[in-house]
Amino acid sequence: MADAQSPVLLEARDITVRFGGLVAVDAVSASFHAGELVGIIGPNGAGKTTFFNALSGIITPTSGQLLAGGRNLSGKGPHRYAAAGIARTFQTPRVFPDMPVADNIAFGLQFAGRRRTGSWHLRDALSILELIGLGHLADLPAGAITPSQQRLLEIGMALATRPRLLLLDEVAAGLTDAEVEAMAQLIRRMRDELDLAVVWIEHAVTTLMRHVERVLVLHQGRKIADAPPAEVVRNAEVIEAYLGDEMVEDAGVPA
Amino acid sequence: MTKRPFSAGTPVLTRDLLVLLAFTGWCLALPHYGSEFEVSMALTCLMYVALSSSWGLFCGSTRYLSLATSAFFGIGAYTSALTLDSLPWLASIALGAALAMGVAVVMGAAVLHLRGTYFAVLTFGMTELIRHAVTYFEKKVTGTVGRVLTVVPERDTIYLTVLALAVLAVLVSIVVRRSRFGLALAGIGADEQRAQTLGVNTRLVKILGFAITAGFAGAVGAAMAVRWTYIDPHTVFNPFIGFQTVLIALIGGAVTLWGPLIAAIVFSVLAETLRLQAPQVYMMSLGLLLILSVLYLPGGLASLRWSTMGGWWRDGYQWVRNGRNRERING
C-alpha cells in the first residue's frame with residue numbers, strides 16, 4: 001500500500017527516554033508514512049509502550065525530535081499531537097465510564113476531530129459505532145460494557161479524532177484466537193477504508209507478522225530491526241533477542 | 001456532525017429552566033412578605049447557592065477539590081470595601097469578580113497541574129497566604145485592623161444582587177453542561193490524560209473553569225461585604241466559607257445541577273435555626289449529613305429518588321428477615 005513516495009506523517013529522530021538511570025528508549029529513529037501498516041514488537045520491557053507515549057506526547061522524550069507534517073512537536077502537550085492527526089489507544093481501555101458509549105465517541109469528534117472531515121465512515125458517532133460493531137450499545141454507559149467491547153470503544157474514541165496516524169497499543173492482548181483474527185481484520189479494514197496509517201504494538205507476534213507490511217523490533221530500548229516481516233524473521237539479532245527458533249518455523253521461513 | 005448526542009434532550013432543559021424560574025419568582029416575592037429574619041436567612045441561602053453551584057461547575061465536574069473559595073470571596077469583599085465610595089454598586093461587584101478571576105488565573109497556572117490532595121492542600125495554603133498577606137499589609141502599610149463600610153446600599157439591593165448571582169450561577173451551569181466546554185470539563189474529571197489525547201487543551205480549560213468559579217466567589221464576596229458593614233481579613237478570608245461551600249456541594253451532589261442548590265437550602269435552614277440555640281448540634285448534624293451522604297448517597301442529595309428509598313426499605317426488610325432466619329436456624 002505504502003511506498004517510499006507516500007508523505008511522512010510522523011518522523012521520530014533519535015528519541016531517547018530516560019527514567020532516572022534507566023534508558024527505556026535509546027536513540028530510536030523511525031518514520032511512518034501515509035497508508036502504512038507497521039508493527040512494533042519486542043520482549044517485555046523493550047520500551048514499546050514508552051516509545052508510543054513519546055510518539056503521542058504523553059511523555060516528553062529526554063532528547064530527540066518528533067516531526068509531524070514538517071512541524072516540530074517535541075515537548076508539546078498530547079492535544080497538539082491529536083490536533084496533528086495522531087491518535088492512540090491505551091493498553092488498558094481508558095473509556096469515560098459514566099458517559100454513554102455514543103458520547104465517548106462524540107468526545108473525540110468535538111475536539112481533535114472537529115478540524116478535519118475524515119472519511120465517510122467517520123462522519124458521526126453512530127457511523128463510527130457501526131464501523132467498530134458497537135452500534136447496538138450506543139446508549140449504555142461505557143462502564144457497563146464488557147472489557148473486549150471497551151477495547152473496541154477505545155479504538156472508536158481514537159478514530160473519532162479523525163486521525164491520519166493511529167497508534168494501537170496491544171489491542172489484541174487477552175483476546176481469544178478468533179477475536180484476535182477479527183481485530184486484525186478490523187485493523188486492515190481501517191487502514192484500507194479510512195485512509196490512515198496504523199502502527200500496531202502487539203505481543204501476539206504471529207498474527208501481527210501476517211498482517212503488517214513492516215516491523216520495528218525493539219530490544220532493551222534500541223531498535224534492532226526495521227524491515228518487512230519476511231526479512232525480520234531471518235535477522236540473526238532478532239532471533240537471538242526475541243523470536244527464537246519456534247517463531248521462525250511458524251513463519252514458514254527456514255532458519 | 002449535526003447532532004450532539006452528549007447533550008440531554010430539550011425536555012430536561014425546559015424542566016431545568018422552569019424550576020429555576022419558579023425558584024427565582026419565589027425568591028423575588030420573599031422580601032415582600034417575609035420577616036427580617038426570613039430574608040436574612042434567604043440571603044445566606046442564596047449566597048451559598050451561588051458559591052456552591054459555581055464551585056460544582058468546575059470542581060464537581062473535574063474533581064479538582066478547591067478550598068480557595070474563601071480567598072476569592074475575601075478578595076471580592078475587600079474590593080467592594082475599598083471602592084464603594086468611588087464606584088457605583090454594580091461596578092464594585094464586577095471589579096471584585098474580575099480581580100478574583102485574575103488571582104485565580106495566576107493561582108490556577110501555578111497549581112492546576114497537581115491533582116487530588118496536593119491540589120486541595122495548595123489551594124488552602126494559598127488562601128491562608130493571601131489572608132496573612134492582607135493582614136500584614138493592613139497593619140504595616142495602611143495601619144488598620146479592619147474596615148468600616150460607610151456607603152451601604154439598601155437591604156433589598158444586596159438581596160437582589162445575591163439572588164441575581166445565584167440564578168446566574170445555576171444558569172451558567174445549565175449552559176456549560178450543554179457546551180463543548182462542559183464536555184471538556186467532564187472529560188477532565190473522568191480521565192484527564194485521555195481527554196488530552198482526544199484533543200482537549202486541558203490546561204486552558206482548567207484555568208478558565210477555575211476562573212469562572214472564582215469570579216462568582218469574588219462577586220458574592222463583594223456583595224456580602226456590605227451586609228457586615230465592618231470587615232477584617234479574619235471574617236472575609238475565613239477558611240470556613242470555603243469548607244462550607246465544599247461541604248454543601250458534596251452533600252448535595254457536586255456533579256449534579258440541583259444538588260448544591262438543594263443542599264444550600266437545607267444547610268442554611270439548619271444553620272440559622274440551630275446555630276444560635278445549639279451550635280454543637282448544628283456542627284454535628286452537618287457532619288452526620290456528610291457521612292450519610294458519602295456512605296449512602298455518593299451522588300449527593302440530588303440523586304435521591306423514591307426508588308432509592310425503596311431500595312433502602314427492601315435492604316432493611318431483607319436484613320431483618322435474614323436475621324429471623326438465622327435465629328430460627330440457630331435456635
# chains A, B, ... in the order shown; residues from 1 in each chain; ligands from 1

$ interface_residues --of "chain A" --to "chain B" --cutoff "9 Å" --atoms "only C-alpha atoms" --output "PyMOL selection string"
chain A and resi 56-58+77-83+86-88+90+94-100+102-104+106-114+123-125+157-158+160-161

$ write_last_selection --atoms "N, CA and C atoms" --output "compact mmCIF listing (two decimals), in the first residue's frame"
# COMPACT_ATOMS: atom_id res chain seq x y z
N SER A 56 3.03 10.06 21.15
CA SER A 56 1.72 10.70 21.28
C SER A 56 1.76 11.87 22.26
N GLY A 57 2.94 12.23 22.73
CA GLY A 57 3.05 13.41 23.59
C GLY A 57 2.73 13.17 25.05
N ILE A 58 2.44 11.91 25.41
CA ILE A 58 2.12 11.61 26.80
C ILE A 58 3.34 11.86 27.69
N GLY A 77 2.10 19.38 24.29
CA GLY A 77 1.14 18.55 25.00
C GLY A 77 0.42 17.58 24.07
N PRO A 78 -0.16 16.49 24.64
CA PRO A 78 -0.84 15.49 23.81
C PRO A 78 -1.93 16.07 22.91
N HIS A 79 -2.57 17.17 23.33
CA HIS A 79 -3.65 17.71 22.48
C HIS A 79 -3.10 18.23 21.16
N ARG A 80 -1.82 18.64 21.15
CA ARG A 80 -1.22 19.11 19.91
C ARG A 80 -0.98 17.95 18.96
N TYR A 81 -0.64 16.79 19.52
CA TYR A 81 -0.45 15.59 18.70
C TYR A 81 -1.79 15.17 18.11
N ALA A 82 -2.84 15.23 18.96
CA ALA A 82 -4.17 14.87 18.48
C ALA A 82 -4.59 15.81 17.36
N ALA A 83 -4.26 17.10 17.53
CA ALA A 83 -4.62 18.08 16.51
C ALA A 83 -3.84 17.82 15.22
N ILE A 86 -2.58 12.58 15.06
CA ILE A 86 -2.02 11.36 15.64
C ILE A 86 -2.93 10.92 16.79
N ALA A 87 -3.52 9.74 16.65
CA ALA A 87 -4.43 9.24 17.67
C ALA A 87 -3.85 7.97 18.26
N ARG A 88 -4.22 7.66 19.49
CA ARG A 88 -3.68 6.44 20.10
C ARG A 88 -4.74 5.76 20.97
N PHE A 90 -4.94 3.04 24.49
CA PHE A 90 -4.14 2.62 25.63
C PHE A 90 -4.32 1.12 25.85
N ARG A 94 -9.16 3.09 28.34
CA ARG A 94 -9.44 4.25 29.18
C ARG A 94 -10.64 4.98 28.62
N VAL A 95 -11.81 4.35 28.75
CA VAL A 95 -13.04 4.97 28.29
C VAL A 95 -13.58 5.85 29.42
N PHE A 96 -14.53 6.73 29.11
CA PHE A 96 -15.17 7.53 30.14
C PHE A 96 -16.37 6.73 30.66
N PRO A 97 -16.21 6.07 31.82
CA PRO A 97 -17.18 5.05 32.22
C PRO A 97 -18.60 5.58 32.47
N ASP A 98 -18.71 6.82 32.94
CA ASP A 98 -20.06 7.33 33.26
C ASP A 98 -20.80 7.87 32.05
N MET A 99 -20.08 8.11 30.97
CA MET A 99 -20.75 8.64 29.78
C MET A 99 -21.27 7.48 28.93
N PRO A 100 -22.39 7.70 28.22
CA PRO A 100 -22.86 6.67 27.30
C PRO A 100 -21.80 6.39 26.23
N ALA A 102 -22.02 6.26 23.06
CA ALA A 102 -22.06 7.21 21.94
C ALA A 102 -21.34 8.51 22.30
N ASP A 103 -21.46 8.94 23.55
CA ASP A 103 -20.81 10.19 23.96
C ASP A 103 -19.30 10.04 24.05
N ASN A 104 -18.85 8.83 24.36
CA ASN A 104 -17.41 8.57 24.37
C ASN A 104 -16.84 8.84 22.98
N ALA A 106 -18.44 10.75 20.65
CA ALA A 106 -18.69 12.15 20.32
C ALA A 106 -17.59 13.06 20.87
N PHE A 107 -16.98 12.62 21.95
CA PHE A 107 -15.94 13.43 22.59
C PHE A 107 -14.82 13.78 21.59
N GLY A 108 -14.26 12.76 20.96
CA GLY A 108 -13.18 12.99 20.01
C GLY A 108 -13.65 13.85 18.84
N LEU A 109 -14.88 13.62 18.38
CA LEU A 109 -15.43 14.40 17.26
C LEU A 109 -15.53 15.87 17.62
N GLN A 110 -15.81 16.13 18.91
CA GLN A 110 -15.98 17.52 19.34
C GLN A 110 -14.65 18.26 19.51
N PHE A 111 -13.58 17.50 19.71
CA PHE A 111 -12.30 18.18 19.92
C PHE A 111 -11.37 17.99 18.72
N ALA A 112 -10.41 17.07 18.81
CA ALA A 112 -9.44 16.98 17.71
C ALA A 112 -10.12 16.69 16.37
N GLY A 113 -11.26 15.95 16.38
CA GLY A 113 -11.91 15.56 15.14
C GLY A 113 -12.64 16.69 14.45
N ARG A 114 -12.83 17.80 15.15
CA ARG A 114 -13.57 18.93 14.65
C ARG A 114 -12.89 19.62 13.48
N ARG A 123 -18.18 10.02 9.82
CA ARG A 123 -18.94 11.26 9.75
C ARG A 123 -19.60 11.62 11.08
N ASP A 124 -20.09 10.64 11.83
CA ASP A 124 -20.65 10.96 13.15
C ASP A 124 -20.48 9.78 14.11
N ALA A 125 -20.96 9.97 15.33
CA ALA A 125 -20.74 8.95 16.37
C ALA A 125 -21.33 7.61 15.95
N MET A 157 -12.92 5.69 19.98
CA MET A 157 -12.65 7.03 20.51
C MET A 157 -11.47 7.66 19.77
N ALA A 158 -10.45 6.84 19.49
CA ALA A 158 -9.29 7.35 18.76
C ALA A 158 -9.69 7.72 17.34
N ALA A 160 -12.48 8.78 16.37
CA ALA A 160 -13.32 9.96 16.38
C ALA A 160 -12.51 11.25 16.25
N THR A 161 -11.20 11.17 16.49
CA THR A 161 -10.38 12.36 16.27
C THR A 161 -10.04 12.52 14.80

$ select_by_dssp --residues "region 5-227 of chain A" --states "alpha helix (DSSP H)" --output "PyMOL selection string"
chain A and resi 48-55+78-83+101-110+125-132+147-159+177-194+205-211

$ atom_distance --atom1 "CA of Val151 (chain B)" --atom2 "CA of Ser35 (chain B)"
24.4 Å

$ closest_atom_pairs --of "region 85-164 of chain B" --to "region 64-72 of chain B" --cutoff "6 Å" --atoms "only C-alpha atoms" --output "JSON lines"
{"residue": "B:Ala100", "atom": "CA", "partner": "B:Phe72", "partner_atom": "CA", "distance": 5.1}
{"residue": "B:Ala120", "atom": "CA", "partner": "B:Ser66", "partner_atom": "CA", "distance": 5.3}
{"residue": "B:Thr123", "atom": "CA", "partner": "B:Ala68", "partner_atom": "CA", "distance": 5.1}
{"residue": "B:Phe124", "atom": "CA", "partner": "B:Leu67", "partner_atom": "CA", "distance": 5.1}
{"residue": "B:Thr127", "atom": "CA", "partner": "B:Ala71", "partner_atom": "CA", "distance": 4.9}

$ select_by_dssp --residues "region 19-244 of chain A" --states "strand (DSSP E)" --output "VMD selection string"
chain A and resid 19 22 to 33 37 to 41 63 to 68 71 to 72 86 to 88 165 to 169 197 to 201 214 to 219 222 to 227

$ residues_around --residues "region 82-98 of chain B" --least-positions-apart "2" --cutoff "9 Å" --atoms "only C-alpha atoms" --output "number ranges by chain"
B: 72-73, 75-80, 100-103, 147, 149-153, 161, 214-223

$ atom_distance --atom1 "CA of Val148 (chain B)" --atom2 "CA of His234 (chain B)"
14.2 Å

$ residues_around --residues "Leu22 (chain A)" --least-positions-apart "6" --cutoff "12 Å" --atoms "only C-alpha atoms" --output "ChimeraX atom specification"
/A:16,45-47,62,220-221

$ write_last_selection --atoms "N, CA and C atoms" --output "PDB file, in the first residue's frame"
ATOM      1  N   THR A  16      15.119   9.436  22.741  1.00  0.00           N
ATOM      2  CA  THR A  16      15.654   8.784  23.931  1.00  0.00           C
ATOM      3  C   THR A  16      14.772   9.157  25.117  1.00  0.00           C
ATOM      4  N   GLY A  45       9.279  -5.025  28.431  1.00  0.00           N
ATOM      5  CA  GLY A  45      10.274  -4.064  28.891  1.00  0.00           C
ATOM      6  C   GLY A  45      11.205  -3.581  27.802  1.00  0.00           C
ATOM      7  N   ALA A  46      10.850  -3.856  26.541  1.00  0.00           N
ATOM      8  CA  ALA A  46      11.711  -3.425  25.442  1.00  0.00           C
ATOM      9  C   ALA A  46      11.560  -1.935  25.163  1.00  0.00           C
ATOM     10  N   GLY A  47      10.522  -1.328  25.731  1.00  0.00           N
ATOM     11  CA  GLY A  47      10.325   0.106  25.537  1.00  0.00           C
ATOM     12  C   GLY A  47       9.259   0.440  24.508  1.00  0.00           C
ATOM     13  N   THR A  62      13.575  12.551  26.643  1.00  0.00           N
ATOM     14  CA  THR A  62      14.728  13.218  27.230  1.00  0.00           C
ATOM     15  C   THR A  62      15.498  13.957  26.144  1.00  0.00           C
ATOM     16  N   GLN A 220      15.613  -3.923  24.535  1.00  0.00           N
ATOM     17  CA  GLN A 220      16.274  -3.104  25.557  1.00  0.00           C
ATOM     18  C   GLN A 220      16.349  -1.636  25.144  1.00  0.00           C
ATOM     19  N   GLY A 221      15.235  -1.167  24.588  1.00  0.00           N
ATOM     20  CA  GLY A 221      15.150   0.248  24.252  1.00  0.00           C
ATOM     21  C   GLY A 221      15.745   0.621  22.904  1.00  0.00           C
TER      22      GLY A 221
END
